[in-house]
Structure formats: structure tokens, C-alpha cells
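Please read the structure below before turning to the comments.
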Amino acid sequence: MLRKLTATRYVIPLREGGSLPAIVEADDDGLYVLKFRGAGQGPRALIAELVAGEIGRALELPVPEIVFVELDANLGRSEPDFEIQALIKASVGLNLALDYLPGSTTFDALDVRSMDPLLASSIVWFDAYITNVDRTPRNTNLLFWHRRLMLIDHGAALYFHHIDSNYLERSRSPFTSIKGHVLLPAASKLLEADRLLKARLTPALIQDIVNLIPAAWLENPDFTDVEAHRSAYVAYLLDRLACSEVFVEEALRARDQL
């Protein structure tokens, strides 16, 4: 289960990407990077962040703790920026946040040369599985925190859920965007990573992760009800896992062409 906190102070906006995240303080006195439900990308970006992030954590990849954060409209009343005030008002209720990593430094493409091949391969496998387009040299979404590599910002993953029809057909996409992955040059153990990581993602685990999605984030007229929408995520993730050789072969092909 994810911890559920309440935001007590809006600290500073992080003007990166389309979701306009912010650093907030919560009622446990901790600092978190909050992703707003009312941002332009809507609840699906939060669903991707939640599902992809928890899959990463289940794979024992270094993803910061993910928490639910309750947001009150009064939080932004002293904020002079009208856009931020509007964003907070549009996001009243349950949102998502990641543990803030103070003092972290950005991963540089030159750091690839010192990467452990199995870790690099595991991250490439993970991103191919969740169809994450945001791990490129231009935008690595990787940080060093206390000399440990950390994976952040998975809101652009699971892009199949932006098109609700024929989602199972998309589960077997080779994910050609993997050719732009920043860690692909170091990912020399993709087949080993495939064997290792597939074994960790059981159907029960996938179901438990999808069950974390709040019902209010799953309201969609393209599905008969919330549970049908939830089941679509489970079916997609299980089918993609069963056919992992499709995206692994694509990653191997892309690596051969480097």
C-alpha cells in the first residue's frame, strides 16, 4: 500500500515538462515532488507515474518512494502566480508525489561508460516494457543521489492508454523508440535482464499494482465501468510481459545498429 499524506505547504514550482510539478511539504514534515491531477496531461500521467514507478520498484530498480498526497484549495492562496493558483484549484483532492531527493545531480550521457551492464540492461528492459519515451540523452530522467542512480518521472510511459480502443494490439508493440534510450550502449545483457525481470512480475503483483489506481482517476466513458478500465491495464501489462521477446528483440536490433 502507498502512504497517503496531506500537503501542508507549497514550496516552489518545478517548471519542467507539461505537468508543472512542484515541491511541497507534507504532514510528515517531508518534501515531495507533487504531480498535479489537474495539469494538462490529466490523471493518465499520474496513472503512468504510479503504475510504471511501482513496477520499477517491484523490479528492485532505484525509483523514489511514491505517495498519494491530498491537496486542499487553500494551499495556494498566498501564491502570487495565477497559473499555479488555478492548477492547485483544479487538483483539489488526491494527487501523486515522489520523494524529493535534495542535492541530487543530473545523469550525463558521458556517465553511460561507467554503467553496470546488467543495471543498464534492466533499465532499458523496464522502459521498453512500460513504453517510456523519456530516457534519452536530451532528457535522461536519471539522477545521482548519494552516489546512487535514481529513476524519476514516468508520466510519459504507458502511452497506449491515450487511445482506449485496440489496447491489446498495442501490447505487442516492439517499441521502436528504444533506439533513442540513453543507456542502450551499455545494455549488453538484455537477454539476462529479460529472464531475471520477467520472473519478478507475477500476475498477482501486476493486479496489486493496478489496484492502487484510485477509482476517480479511472472514470472514462470508453469503458463500461471502473473495473473494466482497471482490467484493461492488467490485460495489457500481462500480455506485454508474456511477449517480452518482441520488445527485447527490437532493443537488441537497435543496439546492433549503434
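We name chains A, B, ... following the order of the C-alpha cells; residues begin at 1 in each chain, and ligands are numbered from 1 as shown.
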Could you pull the residues within 12 Å of Ile163 of chain A, counting only C-alpha atoms, minus those fewer than 4 positions along the same chain, as a ChimeraX atom specification? /A:44,158-159,167-170,220,222-223,232
Just to be explicit: take each residue in the selection above, keep N, CA and C atoms, and write the result as a PDB file, in the first residue's frame.
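The resulting file, part10.pdb, is shown below:
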```pdb
ATOM      1  N   ARG A  44      -4.148  10.567 -16.422  1.00  0.00           N
ATOM      2  CA  ARG A  44      -3.405   9.466 -17.043  1.00  0.00           C
ATOM      3  C   ARG A  44      -1.901   9.596 -16.823  1.00  0.00           C
ATOM      4  N   LEU A 158       3.420   4.235 -20.688  1.00  0.00           N
ATOM      5  CA  LEU A 158       2.101   3.635 -20.946  1.00  0.00           C
ATOM      6  C   LEU A 158       1.282   4.466 -21.924  1.00  0.00           C
ATOM      7  N   TYR A 159       1.914   4.910 -23.003  1.00  0.00           N
ATOM      8  CA  TYR A 159       1.188   5.830 -23.885  1.00  0.00           C
ATOM      9  C   TYR A 159       0.024   5.156 -24.608  1.00  0.00           C
ATOM     10  N   TYR A 167      -6.388  -1.697 -27.350  1.00  0.00           N
ATOM     11  CA  TYR A 167      -5.230  -1.598 -26.473  1.00  0.00           C
ATOM     12  C   TYR A 167      -4.433  -2.894 -26.427  1.00  0.00           C
ATOM     13  N   LEU A 168      -5.100  -4.054 -26.567  1.00  0.00           N
ATOM     14  CA  LEU A 168      -4.362  -5.314 -26.530  1.00  0.00           C
ATOM     15  C   LEU A 168      -3.458  -5.481 -27.739  1.00  0.00           C
ATOM     16  N   GLU A 169      -3.864  -4.942 -28.876  1.00  0.00           N
ATOM     17  CA  GLU A 169      -2.994  -4.986 -30.040  1.00  0.00           C
ATOM     18  C   GLU A 169      -1.713  -4.206 -29.775  1.00  0.00           C
ATOM     19  N   ARG A 170      -1.815  -3.134 -29.036  1.00  0.00           N
ATOM     20  CA  ARG A 170      -0.651  -2.306 -28.733  1.00  0.00           C
ATOM     21  C   ARG A 170       0.262  -2.954 -27.703  1.00  0.00           C
ATOM     22  N   ASN A 220     -13.916   6.923 -17.273  1.00  0.00           N
ATOM     23  CA  ASN A 220     -13.694   7.056 -18.712  1.00  0.00           C
ATOM     24  C   ASN A 220     -14.901   6.485 -19.451  1.00  0.00           C
ATOM     25  N   ASP A 222     -15.235   5.430 -22.331  1.00  0.00           N
ATOM     26  CA  ASP A 222     -14.916   4.360 -23.272  1.00  0.00           C
ATOM     27  C   ASP A 222     -14.978   2.979 -22.632  1.00  0.00           C
ATOM     28  N   PHE A 223     -15.113   2.936 -21.302  1.00  0.00           N
ATOM     29  CA  PHE A 223     -15.230   1.669 -20.585  1.00  0.00           C
ATOM     30  C   PHE A 223     -16.563   1.638 -19.846  1.00  0.00           C
ATOM     31  N   ALA A 232      -8.412  -3.527 -18.149  1.00  0.00           N
ATOM     32  CA  ALA A 232      -7.699  -3.261 -19.403  1.00  0.00           C
ATOM     33  C   ALA A 232      -6.214  -3.054 -19.148  1.00  0.00           C
TER      34      ALA A 232
END
```
Counting only C-alpha atoms, what is within 8 Å of segment 116-119 of chain A, bar same-chain residues fewer than 5 positions away, as an MDAnalysis selection string? chainID A and resid 186:190 192:193
I want to know what sits within 7 Å of segment 104-115 of chain A, based on only C-alpha atoms, with residues of the same chain fewer than 6 positions away left out; could you give that as a list in words? Pro137, Thr140, Leu142, Leu143, Phe144, Trp145, Val182, Leu183 and Ala186 of chain A
Pick the closest to Arg77 of chain A from A:Ala156, A:Arg9, A:Asn95, A:Trp217: which is it, counting only C-alpha atoms? A:Arg9
If you count only C-alpha atoms, which residues fall within 12 Å of Gln257 of chain A, apart from same-chain ones fewer than 4 positions away, as a count of residues only? 9
Hey, which of A:Asp81, A:Asp153, A:Asp99, A:Glu245 ends up closest to Ala45 of chain A? Count only C-alpha atoms. A:Asp153
Would you return as a PyMOL selection string the members of segment 33-203 of chain A that DSSP assigns to alpha helix (DSSP H) on this structure's backbone? chain A and resi 43-58+82-90+117-129+167-170+190-198+203
Atom CA of Asn139 of chain A to atom CA of Leu151 of chain A, distance in Å rounded to a single decimal: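 We find that atom CA of Asn139 of chain A and atom CA of Leu151 of chain A lie 11.9 Å from each other.
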Identify all residues of segment 51-83 of chain A in strand (DSSP E) (DSSP on the backbone) and supply them as a PyMOL selection string. chain A and resi 66-71
Can I get the residues of segment 57-149 of chain A within 12 Å of segment 20-23 of chain A, each with the closest pair of atoms and their distance in Å to one decimal, using only C-alpha atoms, sorted chain first then ascending number, as CSV?
```
residue,atom,partner,partner_atom,distance
A:Val69,CA,A:Ile23,CA,11.9
A:Gly76,CA,A:Ala22,CA,11.6
A:Glu83,CA,A:Leu20,CA,9.9
A:Ile84,CA,A:Leu20,CA,8.5
A:Gln85,CA,A:Leu20,CA,11.9
A:Ala86,CA,A:Leu20,CA,11.8
A:Leu87,CA,A:Leu20,CA,8.7
A:Ile88,CA,A:Ala22,CA,10.4
A:Ser91,CA,A:Pro21,CA,11.6
A:Asn95,CA,A:Pro21,CA,10.9
A:Leu96,CA,A:Pro21,CA,10.1
A:Ala97,CA,A:Pro21,CA,9.0
A:Leu98,CA,A:Ile23,CA,9.5
A:Asp99,CA,A:Ile23,CA,9.5
A:Tyr100,CA,A:Ile23,CA,7.4
A:Leu101,CA,A:Ile23,CA,10.4
A:Pro102,CA,A:Ile23,CA,10.7
```
Output the selection as a tab-separated table (two decimals), in the first residue's frame - C-alpha atoms for each residue.
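Saved to selection.tsv:
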```
chain	number	residue	atom	x	y	z
A	69	VAL	CA	-0.99	13.42	-1.47
A	76	GLY	CA	-2.10	28.13	-2.94
A	83	GLU	CA	-1.42	29.83	-13.20
A	84	ILE	CA	-0.25	27.99	-10.09
A	85	GLN	CA	-3.37	29.02	-8.18
A	86	ALA	CA	-5.54	27.67	-10.98
A	87	LEU	CA	-3.55	24.42	-11.10
A	88	ILE	CA	-3.97	23.85	-7.36
A	91	SER	CA	-6.19	19.44	-8.45
A	95	ASN	CA	-2.69	13.60	-6.27
A	96	LEU	CA	0.61	11.75	-6.60
A	97	ALA	CA	4.11	12.62	-5.43
A	98	LEU	CA	7.62	11.22	-5.32
A	99	ASP	CA	10.11	11.59	-2.53
A	100	TYR	CA	12.21	14.71	-3.12
A	101	LEU	CA	15.93	13.98	-3.50
A	102	PRO	CA	17.78	17.08	-2.21
```
Identify which of the residues A:Asn166, A:Thr6, A:Thr136, A:Ser121 lies closest to Tyr236 of chain A, counting only C-alpha atoms when measuring atom-to-atom distances.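 Among the listed residues, A:Asn166 lies closest to Tyr236 of chain A.
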What separates atom CA of Pro174 of chain A and atom CA of Val248 of chain A is a distance of 7.8 Å
Interatomic distance (Å, one decimal) between atom CA of Ile206 of chain A and atom CA of Leu241 of chain A: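 According to the coordinates, atom CA of Ile206 of chain A and atom CA of Leu241 of chain A are separated by 10.2 Å.
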With only C-alpha atoms as the basis for distance, which of A:Asn211, A:Leu149, A:Ala199, A:Leu31 is at the shortest distance from Ala228 of chain A? A:Asn211
Could you tell me which of A:Met1, A:Pro43, A:Ala242, A:Leu197 comes closest to Glu219 of chain A if we count only C-alpha atoms?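 Nearest candidate to Glu219 of chain A out of A:Met1, A:Pro43, A:Ala242, A:Leu197: A:Pro43.
Proximity of A:Trp125, A:Tyr32, A:Phe82, A:Phe160 to Ile66 of chain A, computed with only C-alpha atoms, is greatest for A:Tyr32.
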